Amino acid sequence: MTSNSATDQFAERLSATTLLRFATAGSVDDGKSTLVGRLLHDSKSVLTDQLEAVEHASRRRGQEAPDLALLTDGLRAEREQGITIDVAYRYFATPRRRFILADTPGHVQYTRNMVTGASTAELAVVLVDARNGVVEQTRRHAAVAALLRVPHVVLAVNKMDLVGYAEPVFAAIAEEFTAYAASLGVPEITAIPISALAGDNVVEPSAHMDWYGGPTVLEYLETVPVSHDLAGCPARFPVQYVIRPQSAEHPDYRGYAGQIASGVLRVGDPVTVLPSGRTSTIEGIDALGVGVGAGTTVDLAWAPQSVTVRLADDIDVSRGDLIAPTAQLPATTQDVEATVCHVADQPLTVGQRVLLKHTTRTVKAIVKDIPSRLTLDDLSQHPAPGQLVANDIGRVRVRTAEPLALDSYADSRHTGSFLLIDPADGTTLSAGMAGDAFAATAPDTAPAADNESWDF
């Protein structure tokens, strides 16, 4: 009985705290996994058997102290090579906040994984080795964070113990990175000098850097303002499934199930179904159970709740359609201009036939143009590259077979993003952000593509 009571109390405490999703990034050997391990260890978020396994593995490798990076580097290849390959997700909590942490790789060839880890993050921790300063991969990760509209970026200048905890070293790196990230449009940058290995300024303040008066990494993570105000945006409801049982108990029930991407839906609201443009009014909203007869009928629902919406009119609505307030409709277009991070080994080329997946809708499309590729060294645009290869960031113009109700990514990370997919095998090719980014669009100089067999 005591155990259940303690569990209930813990669940109640967690429910009262806010949730922060954050990702770590940085170049190879900057110490990302060690920082994550130090956070978990010093915040007492590591189980005893996990710590014992790490200590045992460290001793087998000839290390006297436990290698905290092993708490996140879970793949055998990661342990053998001492690198991070895949995104490692960790869940932990303090009395002040709950966390979902994505530890992302530092190698150039795994930048695509960083895109995955940061795509839902509200904060990115970019590590820099104090001995090396800002390098190309640091700039790449800053660019990805800016492109993905991550609201907060922390610059963690690591391995300060190896530069004698020198303030001028930290100040020079912080100034260079801040200037670069600000030029990309990163809204907030916080620099913290740390030693992940020694624990300086990770969870506890450092005794070696009395010249630094700011927060530790954990203190900042616990106190940074997190905005989950999806309800303040225009309502967007991608239809995932049509519920029509046609049973004796519910002969006329027709509901549209899905997750509210943003905004608030209310009974009585005039809505439009896109891309068809048909209009109706919300007659009812079924929450929780979603299935017929299960759950509760409510007058309003908000993001990110999963609900079933019933409309007053019997109109044609199917999976992939978007229900939105008639007074606040997104633009509908077949010509998509966007910035993409190319994540596949095979290149993305002008004229290539792809599938474009936006929310619950997947349509055929053709890459009409690749106007430019971003050069990370000086943020210049390389015009008309003709193709994008793995880890490239560039502008694309895509023509879709059917209209899409697409918001600008700057307005909505949920309904402004999409994937380009290989129609032959389902491989994800690129992650796209619709509308303008920090990259300027180059003149339209690429030749027209051959649209044979995909006529739209």
# chains A, B, ... in the order shown; residues from 1 in each chain; ligands from 1
$ residues_around --residues "segment 247-258 of chain A" --least-positions-apart "6" --cutoff "10 Å" --atoms "only C-alpha atoms" --output "VMD selection string"
chain A and resid 237 to 241 284 to 287 290 to 293 304 to 311 314 317 to 319 321 323 360
$ select_by_dssp --residues "segment 66-231 of chain A" --states "helix (DSSP H, G or I)" --output "compact mmCIF listing (two decimals) with all heavy atoms, in the first residue's frame"
# COMPACT_ATOMS: atom_id res chain seq x y z
N LEU A 68 30.91 8.19 -17.98
CA LEU A 68 29.49 8.53 -17.95
C LEU A 68 28.88 8.58 -19.35
O LEU A 68 27.66 8.53 -19.49
CB LEU A 68 29.28 9.86 -17.23
CG LEU A 68 29.71 9.88 -15.75
CD1 LEU A 68 29.46 11.25 -15.15
CD2 LEU A 68 28.95 8.81 -14.96
N ALA A 69 29.71 8.70 -20.38
CA ALA A 69 29.18 8.71 -21.76
C ALA A 69 28.49 7.39 -22.09
O ALA A 69 27.61 7.35 -22.95
CB ALA A 69 30.31 8.97 -22.76
N LEU A 70 28.87 6.31 -21.39
CA LEU A 70 28.28 5.01 -21.67
C LEU A 70 26.82 4.95 -21.24
O LEU A 70 26.10 4.02 -21.63
CB LEU A 70 29.07 3.90 -20.98
CG LEU A 70 30.53 3.74 -21.43
CD1 LEU A 70 31.21 2.64 -20.66
CD2 LEU A 70 30.59 3.46 -22.93
N LEU A 71 26.37 5.92 -20.45
CA LEU A 71 24.96 5.95 -20.07
C LEU A 71 24.06 6.25 -21.26
O LEU A 71 22.87 5.92 -21.26
CB LEU A 71 24.73 7.00 -18.98
CG LEU A 71 25.27 6.66 -17.59
CD1 LEU A 71 25.21 7.88 -16.68
CD2 LEU A 71 24.50 5.50 -16.99
N ARG A 76 26.31 -1.08 -29.65
CA ARG A 76 27.62 -1.72 -29.50
C ARG A 76 28.68 -0.98 -30.30
O ARG A 76 29.80 -0.76 -29.83
CB ARG A 76 27.55 -3.18 -29.96
CG ARG A 76 28.90 -3.89 -29.93
CD ARG A 76 28.78 -5.36 -30.31
NE ARG A 76 27.99 -6.09 -29.34
CZ ARG A 76 27.73 -7.40 -29.44
NH1 ARG A 76 28.20 -8.09 -30.47
NH2 ARG A 76 27.01 -8.00 -28.53
N ALA A 77 28.34 -0.56 -31.53
CA ALA A 77 29.30 0.16 -32.35
C ALA A 77 29.70 1.48 -31.70
O ALA A 77 30.84 1.93 -31.82
CB ALA A 77 28.72 0.42 -33.74
N GLU A 78 28.76 2.11 -30.99
CA GLU A 78 29.07 3.36 -30.30
C GLU A 78 30.07 3.11 -29.17
O GLU A 78 31.02 3.88 -28.98
CB GLU A 78 27.79 3.98 -29.75
CG GLU A 78 26.81 4.43 -30.83
CD GLU A 78 25.53 5.00 -30.25
OE1 GLU A 78 25.08 4.52 -29.20
OE2 GLU A 78 24.98 5.92 -30.86
N ARG A 79 29.86 2.05 -28.44
CA ARG A 79 30.76 1.75 -27.33
C ARG A 79 32.16 1.38 -27.83
O ARG A 79 33.17 1.78 -27.26
CB ARG A 79 30.18 0.61 -26.48
CG ARG A 79 28.92 0.99 -25.72
CD ARG A 79 28.31 -0.22 -25.03
NE ARG A 79 27.12 0.13 -24.29
CZ ARG A 79 27.08 0.37 -22.98
NH1 ARG A 79 28.19 0.30 -22.28
NH2 ARG A 79 25.95 0.66 -22.38
N GLU A 80 32.19 0.59 -28.91
CA GLU A 80 33.48 0.15 -29.42
C GLU A 80 34.30 1.29 -30.01
O GLU A 80 35.51 1.37 -29.85
CB GLU A 80 33.26 -0.94 -30.47
CG GLU A 80 32.74 -2.26 -29.90
CD GLU A 80 32.41 -3.26 -30.99
OE1 GLU A 80 32.39 -2.86 -32.18
OE2 GLU A 80 32.16 -4.43 -30.66
N GLN A 81 33.61 2.22 -30.72
CA GLN A 81 34.32 3.30 -31.39
C GLN A 81 34.43 4.55 -30.53
O GLN A 81 35.16 5.48 -30.88
CB GLN A 81 33.59 3.65 -32.69
CG GLN A 81 33.51 2.50 -33.69
CD GLN A 81 32.71 2.90 -34.92
OE1 GLN A 81 32.90 3.97 -35.47
NE2 GLN A 81 31.80 2.03 -35.35
N VAL A 108 29.87 14.44 -39.08
CA VAL A 108 29.21 15.09 -40.21
C VAL A 108 28.22 14.14 -40.86
O VAL A 108 27.11 14.53 -41.23
CB VAL A 108 30.26 15.58 -41.23
CG1 VAL A 108 29.56 16.10 -42.48
CG2 VAL A 108 31.14 16.66 -40.63
N GLN A 109 28.60 12.86 -41.01
CA GLN A 109 27.74 11.92 -41.72
C GLN A 109 26.47 11.57 -40.94
O GLN A 109 25.58 10.93 -41.47
CB GLN A 109 28.48 10.64 -42.09
CG GLN A 109 29.00 9.83 -40.90
CD GLN A 109 30.43 10.16 -40.58
OE1 GLN A 109 30.85 11.31 -40.64
NE2 GLN A 109 31.21 9.15 -40.22
N TYR A 110 26.40 12.01 -39.67
CA TYR A 110 25.20 11.75 -38.87
C TYR A 110 24.44 13.03 -38.55
O TYR A 110 23.63 13.06 -37.63
CB TYR A 110 25.57 11.02 -37.57
CG TYR A 110 26.30 9.71 -37.80
CD1 TYR A 110 27.49 9.44 -37.14
CD2 TYR A 110 25.80 8.77 -38.69
CE1 TYR A 110 28.16 8.25 -37.35
CE2 TYR A 110 26.48 7.57 -38.91
CZ TYR A 110 27.66 7.32 -38.24
OH TYR A 110 28.32 6.14 -38.45
N THR A 111 24.70 14.09 -39.30
CA THR A 111 23.98 15.34 -39.08
C THR A 111 22.48 15.14 -39.23
O THR A 111 21.68 15.78 -38.56
CB THR A 111 24.46 16.44 -40.06
OG1 THR A 111 25.85 16.64 -39.87
CG2 THR A 111 23.74 17.75 -39.80
N ARG A 112 22.09 14.24 -40.12
CA ARG A 112 20.66 13.94 -40.32
C ARG A 112 20.01 13.52 -39.01
O ARG A 112 18.84 13.81 -38.77
CB ARG A 112 20.51 12.85 -41.36
CG ARG A 112 21.06 11.49 -40.93
CD ARG A 112 21.26 10.53 -42.07
NE ARG A 112 22.53 10.76 -42.74
CZ ARG A 112 22.99 10.04 -43.75
NH1 ARG A 112 22.27 9.05 -44.22
NH2 ARG A 112 24.14 10.30 -44.30
N ASN A 113 20.77 12.82 -38.16
CA ASN A 113 20.22 12.39 -36.88
C ASN A 113 20.01 13.59 -35.95
O ASN A 113 19.10 13.61 -35.13
CB ASN A 113 21.15 11.38 -36.21
CG ASN A 113 21.30 10.11 -37.02
OD1 ASN A 113 21.43 10.17 -38.23
ND2 ASN A 113 21.30 8.97 -36.37
N MET A 114 20.89 14.60 -36.10
CA MET A 114 20.70 15.81 -35.31
C MET A 114 19.41 16.51 -35.71
O MET A 114 18.69 17.05 -34.86
CB MET A 114 21.90 16.75 -35.51
CG MET A 114 21.93 17.94 -34.56
SD MET A 114 21.14 19.40 -35.25
CE MET A 114 21.30 20.57 -33.92
N VAL A 115 19.08 16.47 -37.00
CA VAL A 115 17.82 17.06 -37.47
C VAL A 115 16.65 16.35 -36.79
O VAL A 115 15.71 16.98 -36.32
CB VAL A 115 17.71 16.96 -39.00
CG1 VAL A 115 16.33 17.43 -39.47
CG2 VAL A 115 18.80 17.78 -39.66
N THR A 116 16.72 15.04 -36.72
CA THR A 116 15.67 14.26 -36.07
C THR A 116 15.53 14.64 -34.61
O THR A 116 14.43 14.90 -34.11
CB THR A 116 15.95 12.75 -36.18
OG1 THR A 116 16.03 12.39 -37.56
CG2 THR A 116 14.86 11.94 -35.51
N GLY A 117 16.65 14.71 -33.91
CA GLY A 117 16.62 14.99 -32.48
C GLY A 117 16.14 16.39 -32.16
O GLY A 117 15.47 16.60 -31.14
N ALA A 118 16.48 17.36 -33.00
CA ALA A 118 16.15 18.76 -32.71
C ALA A 118 14.80 19.19 -33.26
O ALA A 118 14.35 20.28 -32.96
CB ALA A 118 17.25 19.68 -33.25
N GLU A 136 33.52 23.86 -38.08
CA GLU A 136 32.46 23.78 -39.10
C GLU A 136 31.23 23.07 -38.60
O GLU A 136 30.10 23.50 -38.85
CB GLU A 136 32.99 23.09 -40.36
CG GLU A 136 31.94 22.99 -41.46
CD GLU A 136 32.43 22.25 -42.69
OE1 GLU A 136 33.61 21.86 -42.71
OE2 GLU A 136 31.63 22.08 -43.62
N GLN A 137 31.40 21.96 -37.89
CA GLN A 137 30.25 21.21 -37.42
C GLN A 137 29.47 21.99 -36.36
O GLN A 137 28.25 21.86 -36.25
CB GLN A 137 30.68 19.84 -36.88
CG GLN A 137 29.54 18.87 -36.64
CD GLN A 137 28.86 18.42 -37.93
OE1 GLN A 137 29.02 19.01 -38.99
NE2 GLN A 137 28.06 17.37 -37.83
N THR A 138 30.16 22.83 -35.60
CA THR A 138 29.46 23.71 -34.66
C THR A 138 28.54 24.65 -35.42
O THR A 138 27.39 24.86 -35.05
CB THR A 138 30.47 24.54 -33.84
OG1 THR A 138 31.48 23.70 -33.31
CG2 THR A 138 29.77 25.28 -32.71
N ARG A 139 29.07 25.22 -36.50
CA ARG A 139 28.26 26.12 -37.31
C ARG A 139 27.10 25.38 -37.97
O ARG A 139 26.00 25.90 -38.10
CB ARG A 139 29.14 26.82 -38.36
CG ARG A 139 30.12 27.83 -37.77
CD ARG A 139 30.81 28.62 -38.86
NE ARG A 139 31.79 27.81 -39.56
CZ ARG A 139 33.07 27.73 -39.22
NH1 ARG A 139 33.52 28.40 -38.18
NH2 ARG A 139 33.91 26.98 -39.91
N ARG A 140 27.37 24.16 -38.40
CA ARG A 140 26.30 23.37 -39.04
C ARG A 140 25.16 23.13 -38.05
O ARG A 140 23.98 23.28 -38.39
CB ARG A 140 26.87 22.03 -39.53
CG ARG A 140 25.87 21.18 -40.31
CD ARG A 140 26.48 19.84 -40.67
NE ARG A 140 27.64 19.99 -41.53
CZ ARG A 140 27.61 20.08 -42.86
NH1 ARG A 140 26.45 20.04 -43.48
NH2 ARG A 140 28.71 20.21 -43.55
N HIS A 141 25.51 22.76 -36.84
CA HIS A 141 24.47 22.48 -35.85
C HIS A 141 23.74 23.75 -35.44
O HIS A 141 22.53 23.73 -35.18
CB HIS A 141 25.08 21.79 -34.63
CG HIS A 141 25.44 20.36 -34.89
ND1 HIS A 141 26.29 19.64 -34.08
CD2 HIS A 141 25.06 19.51 -35.87
CE1 HIS A 141 26.42 18.41 -34.56
NE2 HIS A 141 25.68 18.32 -35.65
N ALA A 142 24.43 24.87 -35.38
CA ALA A 142 23.76 26.14 -35.10
C ALA A 142 22.79 26.48 -36.23
O ALA A 142 21.68 26.98 -35.99
CB ALA A 142 24.79 27.25 -34.92
N ALA A 143 23.21 26.21 -37.46
CA ALA A 143 22.35 26.48 -38.61
C ALA A 143 21.11 25.59 -38.57
O ALA A 143 19.99 26.05 -38.86
CB ALA A 143 23.12 26.26 -39.91
N VAL A 144 21.28 24.32 -38.23
CA VAL A 144 20.13 23.42 -38.14
C VAL A 144 19.18 23.88 -37.04
O VAL A 144 17.96 23.88 -37.22
CB VAL A 144 20.60 21.97 -37.91
CG1 VAL A 144 19.41 21.07 -37.60
CG2 VAL A 144 21.34 21.45 -39.13
N ALA A 145 19.73 24.28 -35.89
CA ALA A 145 18.89 24.76 -34.79
C ALA A 145 18.10 25.99 -35.22
O ALA A 145 16.91 26.13 -34.90
CB ALA A 145 19.74 25.07 -33.56
N ALA A 146 18.76 26.89 -35.97
CA ALA A 146 18.07 28.09 -36.45
C ALA A 146 17.01 27.73 -37.47
O ALA A 146 15.89 28.27 -37.45
CB ALA A 146 19.08 29.07 -37.05
N LEU A 147 17.35 26.81 -38.36
CA LEU A 147 16.42 26.40 -39.40
C LEU A 147 15.18 25.74 -38.81
O LEU A 147 14.06 25.96 -39.28
CB LEU A 147 17.12 25.43 -40.35
CG LEU A 147 16.35 24.96 -41.57
CD1 LEU A 147 16.07 26.13 -42.50
CD2 LEU A 147 17.15 23.89 -42.30
N MET A 160 36.78 23.06 -20.08
CA MET A 160 37.46 24.25 -19.56
C MET A 160 38.62 23.87 -18.66
O MET A 160 39.57 24.65 -18.49
CB MET A 160 36.45 25.12 -18.80
CG MET A 160 35.45 25.86 -19.68
SD MET A 160 36.23 27.07 -20.80
CE MET A 160 36.90 28.24 -19.63
N ASP A 161 38.57 22.68 -18.09
CA ASP A 161 39.68 22.22 -17.24
C ASP A 161 40.96 22.05 -18.04
O ASP A 161 42.07 22.16 -17.49
CB ASP A 161 39.30 20.91 -16.54
CG ASP A 161 38.85 19.83 -17.52
OD1 ASP A 161 38.04 20.17 -18.43
OD2 ASP A 161 39.28 18.67 -17.39
N LEU A 162 40.83 21.80 -19.35
CA LEU A 162 42.01 21.58 -20.18
C LEU A 162 42.62 22.89 -20.70
O LEU A 162 43.66 22.86 -21.35
CB LEU A 162 41.66 20.67 -21.36
CG LEU A 162 41.12 19.28 -20.98
CD1 LEU A 162 40.86 18.45 -22.23
CD2 LEU A 162 42.10 18.56 -20.06
N VAL A 163 41.97 24.01 -20.43
CA VAL A 163 42.54 25.32 -20.81
C VAL A 163 42.73 26.17 -19.56
O VAL A 163 42.77 27.40 -19.64
CB VAL A 163 41.65 26.05 -21.83
CG1 VAL A 163 41.61 25.29 -23.15
CG2 VAL A 163 40.24 26.27 -21.29
N GLU A 167 39.14 32.51 -18.45
CA GLU A 167 37.99 33.31 -18.88
C GLU A 167 38.15 33.86 -20.30
O GLU A 167 37.18 33.84 -21.06
CB GLU A 167 37.75 34.46 -17.91
CG GLU A 167 36.55 35.31 -18.28
CD GLU A 167 36.31 36.46 -17.32
OE1 GLU A 167 37.16 36.67 -16.42
OE2 GLU A 167 35.28 37.15 -17.46
N PRO A 168 39.34 34.35 -20.72
CA PRO A 168 39.47 34.88 -22.08
C PRO A 168 39.16 33.84 -23.16
O PRO A 168 38.62 34.18 -24.21
CB PRO A 168 40.92 35.34 -22.15
CG PRO A 168 41.30 35.61 -20.74
CD PRO A 168 40.58 34.58 -19.94
N VAL A 169 39.50 32.57 -22.91
CA VAL A 169 39.20 31.51 -23.87
C VAL A 169 37.68 31.37 -24.04
O VAL A 169 37.15 31.33 -25.15
CB VAL A 169 39.82 30.17 -23.43
CG1 VAL A 169 39.38 29.04 -24.36
CG2 VAL A 169 41.33 30.27 -23.40
N PHE A 170 36.98 31.32 -22.91
CA PHE A 170 35.52 31.23 -22.94
C PHE A 170 34.90 32.44 -23.62
O PHE A 170 34.02 32.31 -24.47
CB PHE A 170 34.98 31.08 -21.52
CG PHE A 170 33.50 31.27 -21.40
CD1 PHE A 170 32.61 30.31 -21.85
CD2 PHE A 170 32.98 32.45 -20.86
CE1 PHE A 170 31.24 30.49 -21.75
CE2 PHE A 170 31.61 32.65 -20.76
CZ PHE A 170 30.74 31.67 -21.20
N ALA A 171 35.38 33.63 -23.27
CA ALA A 171 34.79 34.86 -23.80
C ALA A 171 34.93 34.94 -25.31
O ALA A 171 34.00 35.36 -26.02
CB ALA A 171 35.43 36.08 -23.13
N ALA A 172 36.10 34.54 -25.84
CA ALA A 172 36.33 34.61 -27.28
C ALA A 172 35.41 33.64 -28.03
O ALA A 172 34.84 34.00 -29.07
CB ALA A 172 37.79 34.31 -27.59
N ILE A 173 35.26 32.43 -27.51
CA ILE A 173 34.39 31.44 -28.15
C ILE A 173 32.94 31.89 -28.09
O ILE A 173 32.20 31.80 -29.08
CB ILE A 173 34.57 30.06 -27.49
CG1 ILE A 173 35.98 29.54 -27.74
CG2 ILE A 173 33.53 29.07 -28.01
CD1 ILE A 173 36.30 28.27 -26.96
N ALA A 174 32.52 32.39 -26.93
CA ALA A 174 31.14 32.85 -26.77
C ALA A 174 30.82 33.99 -27.72
O ALA A 174 29.74 34.03 -28.33
CB ALA A 174 30.89 33.27 -25.32
N GLU A 175 31.76 34.91 -27.90
CA GLU A 175 31.54 36.05 -28.79
C GLU A 175 31.41 35.59 -30.24
O GLU A 175 30.52 36.04 -30.97
CB GLU A 175 32.68 37.05 -28.65
CG GLU A 175 32.52 38.29 -29.51
CD GLU A 175 33.65 39.29 -29.33
OE1 GLU A 175 34.59 39.00 -28.56
OE2 GLU A 175 33.61 40.35 -29.97
N GLU A 176 32.30 34.67 -30.67
CA GLU A 176 32.26 34.20 -32.05
C GLU A 176 30.97 33.44 -32.34
O GLU A 176 30.30 33.66 -33.36
CB GLU A 176 33.47 33.31 -32.33
CG GLU A 176 33.49 32.77 -33.76
CD GLU A 176 34.68 31.84 -34.03
OE1 GLU A 176 35.51 31.67 -33.11
OE2 GLU A 176 34.73 31.27 -35.13
N PHE A 177 30.59 32.53 -31.44
CA PHE A 177 29.39 31.73 -31.66
C PHE A 177 28.15 32.60 -31.62
O PHE A 177 27.23 32.43 -32.45
CB PHE A 177 29.29 30.63 -30.62
CG PHE A 177 28.07 29.75 -30.78
CD1 PHE A 177 28.10 28.64 -31.61
CD2 PHE A 177 26.89 30.05 -30.12
CE1 PHE A 177 26.98 27.84 -31.78
CE2 PHE A 177 25.76 29.26 -30.27
CZ PHE A 177 25.81 28.16 -31.10
N THR A 178 28.07 33.50 -30.67
CA THR A 178 26.88 34.35 -30.53
C THR A 178 26.67 35.20 -31.78
O THR A 178 25.54 35.34 -32.26
CB THR A 178 27.02 35.25 -29.29
OG1 THR A 178 27.14 34.43 -28.12
CG2 THR A 178 25.80 36.16 -29.15
N ALA A 179 27.76 35.74 -32.32
CA ALA A 179 27.65 36.56 -33.53
C ALA A 179 27.14 35.71 -34.70
O ALA A 179 26.29 36.15 -35.49
CB ALA A 179 28.99 37.18 -33.87
N TYR A 180 27.66 34.49 -34.82
CA TYR A 180 27.24 33.60 -35.91
C TYR A 180 25.78 33.20 -35.76
O TYR A 180 24.98 33.29 -36.71
CB TYR A 180 28.13 32.36 -35.95
CG TYR A 180 27.78 31.39 -37.05
CD1 TYR A 180 28.27 31.57 -38.34
CD2 TYR A 180 26.96 30.30 -36.81
CE1 TYR A 180 27.95 30.69 -39.37
CE2 TYR A 180 26.62 29.41 -37.82
CZ TYR A 180 27.13 29.61 -39.10
OH TYR A 180 26.78 28.74 -40.10
N ALA A 181 25.40 32.75 -34.56
CA ALA A 181 24.04 32.29 -34.34
C ALA A 181 23.04 33.43 -34.49
O ALA A 181 21.94 33.24 -35.02
CB ALA A 181 23.91 31.65 -32.96
N ALA A 182 23.42 34.62 -34.04
CA ALA A 182 22.53 35.78 -34.17
C ALA A 182 22.30 36.12 -35.64
O ALA A 182 21.20 36.53 -36.04
CB ALA A 182 23.09 36.97 -33.42
N SER A 183 23.32 35.94 -36.46
CA SER A 183 23.17 36.22 -37.90
C SER A 183 22.21 35.24 -38.56
O SER A 183 21.65 35.52 -39.61
CB SER A 183 24.53 36.17 -38.60
OG SER A 183 25.04 34.85 -38.65
N VAL A 217 24.24 24.42 -16.08
CA VAL A 217 23.44 23.89 -17.17
C VAL A 217 22.08 23.42 -16.65
O VAL A 217 21.03 23.78 -17.22
CB VAL A 217 24.17 22.73 -17.88
CG1 VAL A 217 23.25 22.06 -18.90
CG2 VAL A 217 25.43 23.23 -18.56
N LEU A 218 22.06 22.66 -15.56
CA LEU A 218 20.79 22.14 -15.05
C LEU A 218 19.91 23.27 -14.54
O LEU A 218 18.69 23.27 -14.76
CB LEU A 218 21.03 21.12 -13.94
CG LEU A 218 19.75 20.49 -13.37
CD1 LEU A 218 18.99 19.74 -14.45
CD2 LEU A 218 20.06 19.56 -12.20
N GLU A 219 20.52 24.25 -13.87
CA GLU A 219 19.73 25.38 -13.38
C GLU A 219 19.04 26.11 -14.53
O GLU A 219 17.87 26.49 -14.44
CB GLU A 219 20.62 26.34 -12.60
CG GLU A 219 19.87 27.51 -11.98
CD GLU A 219 20.78 28.49 -11.26
OE1 GLU A 219 21.99 28.18 -11.12
OE2 GLU A 219 20.30 29.55 -10.85
N TYR A 220 19.78 26.29 -15.62
CA TYR A 220 19.18 26.96 -16.77
C TYR A 220 18.07 26.10 -17.38
O TYR A 220 16.99 26.61 -17.73
CB TYR A 220 20.25 27.26 -17.83
CG TYR A 220 19.70 28.05 -19.00
CD1 TYR A 220 19.50 29.42 -18.91
CD2 TYR A 220 19.35 27.42 -20.18
CE1 TYR A 220 18.97 30.14 -19.96
CE2 TYR A 220 18.83 28.13 -21.25
CZ TYR A 220 18.65 29.49 -21.13
OH TYR A 220 18.11 30.20 -22.19
N LEU A 221 18.32 24.79 -17.50
CA LEU A 221 17.30 23.90 -18.06
C LEU A 221 16.03 23.90 -17.20
O LEU A 221 14.92 23.78 -17.71
CB LEU A 221 17.84 22.48 -18.17
CG LEU A 221 18.99 22.25 -19.16
CD1 LEU A 221 19.47 20.80 -19.08
CD2 LEU A 221 18.57 22.59 -20.58
N GLU A 222 16.20 24.04 -15.90
CA GLU A 222 15.05 24.01 -15.00
C GLU A 222 14.26 25.32 -15.02
O GLU A 222 13.07 25.33 -14.67
CB GLU A 222 15.51 23.74 -13.57
CG GLU A 222 15.93 22.31 -13.31
CD GLU A 222 16.31 22.09 -11.86
OE1 GLU A 222 16.91 22.99 -11.25
OE2 GLU A 222 15.99 21.01 -11.33
N THR A 223 14.89 26.41 -15.41
CA THR A 223 14.24 27.72 -15.28
C THR A 223 13.94 28.42 -16.60
O THR A 223 13.23 29.42 -16.60
CB THR A 223 15.12 28.66 -14.43
OG1 THR A 223 16.42 28.78 -15.04
CG2 THR A 223 15.29 28.11 -13.02
N LEU A 230 0.41 26.30 -27.94
CA LEU A 230 -0.12 25.91 -29.24
C LEU A 230 -1.57 26.36 -29.38
O LEU A 230 -2.06 26.56 -30.48
CB LEU A 230 -0.03 24.39 -29.40
CG LEU A 230 1.39 23.80 -29.47
CD1 LEU A 230 1.31 22.28 -29.49
CD2 LEU A 230 2.13 24.32 -30.68
N ALA A 231 -2.23 26.53 -28.22
CA ALA A 231 -3.63 26.94 -28.27
C ALA A 231 -3.78 28.38 -28.74
O ALA A 231 -4.86 28.78 -29.15
CB ALA A 231 -4.27 26.76 -26.89
$ closest_residue --among "A:Thr332, A:Thr375, A:Ser412, A:Ser430" --to "Ala235 of chain A" --atoms "only C-alpha atoms"
A:Ser412
$ residues_around --residues "segment 337-340 of chain A" --least-positions-apart "6" --cutoff "7 Å" --atoms "only C-alpha atoms" --output "ChimeraX atom specification"
/A:393-398,430-437
$ atom_distance --atom1 "atom CA of Ser417 of chain A" --atom2 "atom CA of Thr281 of chain A"
27.3 Å
$ atom_distance --atom1 "atom CA of Ala191 of chain A" --atom2 "atom CA of Val28 of chain A"
19.4 Å
$ atom_distance --atom1 "atom CA of Leu274 of chain A" --atom2 "atom CA of Ala303 of chain A"
18.8 Å
$ closest_residue --among "A:Gly416, A:Pro423, A:Pro270, A:Pro234" --to "Leu355 of chain A" --atoms "only C-alpha atoms"
A:Pro423
$ closest_residue --among "A:Gly426, A:Gly31, A:Gly185, A:Pro325" --to "Val354 of chain A" --atoms "only C-alpha atoms"
A:Gly426
$ closest_residue --among "A:Ala124, A:Leu39, A:Leu19, A:Leu356" --to "Asp200 of chain A" --atoms "only C-alpha atoms"
A:Leu39
$ closest_residue --among "A:Ala410, A:Ala166, A:Val126, A:Val36" --to "His152 of chain A" --atoms "only C-alpha atoms"
A:Val126
$ decode --residues "segment 378-401 of chain A" --atoms "C-alpha atoms" --output "compact mmCIF listing (two decimals), in the first residue's frame"
# COMPACT_ATOMS: atom_id res chain seq x y z
CA ASP A 378 30.09 32.37 -44.48
CA LEU A 379 26.34 31.72 -44.89
CA SER A 380 26.61 32.47 -48.60
CA GLN A 381 24.40 30.76 -51.17
CA HIS A 382 25.90 28.45 -53.77
CA PRO A 383 23.49 29.03 -56.70
CA ALA A 384 21.92 26.27 -58.80
CA PRO A 385 23.82 23.28 -57.34
CA GLY A 386 21.62 20.87 -59.33
CA GLN A 387 21.43 18.45 -56.42
CA LEU A 388 21.69 18.15 -52.64
CA VAL A 389 23.74 15.38 -51.05
CA ALA A 390 23.60 13.97 -47.53
CA ASN A 391 23.66 16.66 -44.82
CA ASP A 392 23.28 19.54 -47.30
CA ILE A 393 20.94 22.41 -46.45
CA GLY A 394 19.35 24.12 -49.43
CA ARG A 395 16.34 25.77 -50.98
CA VAL A 396 13.96 23.74 -53.14
CA ARG A 397 10.86 24.31 -55.24
CA VAL A 398 8.47 21.39 -55.39
CA ARG A 399 5.32 20.98 -57.48
CA THR A 400 2.68 18.69 -55.95
CA ALA A 401 0.01 16.68 -57.75
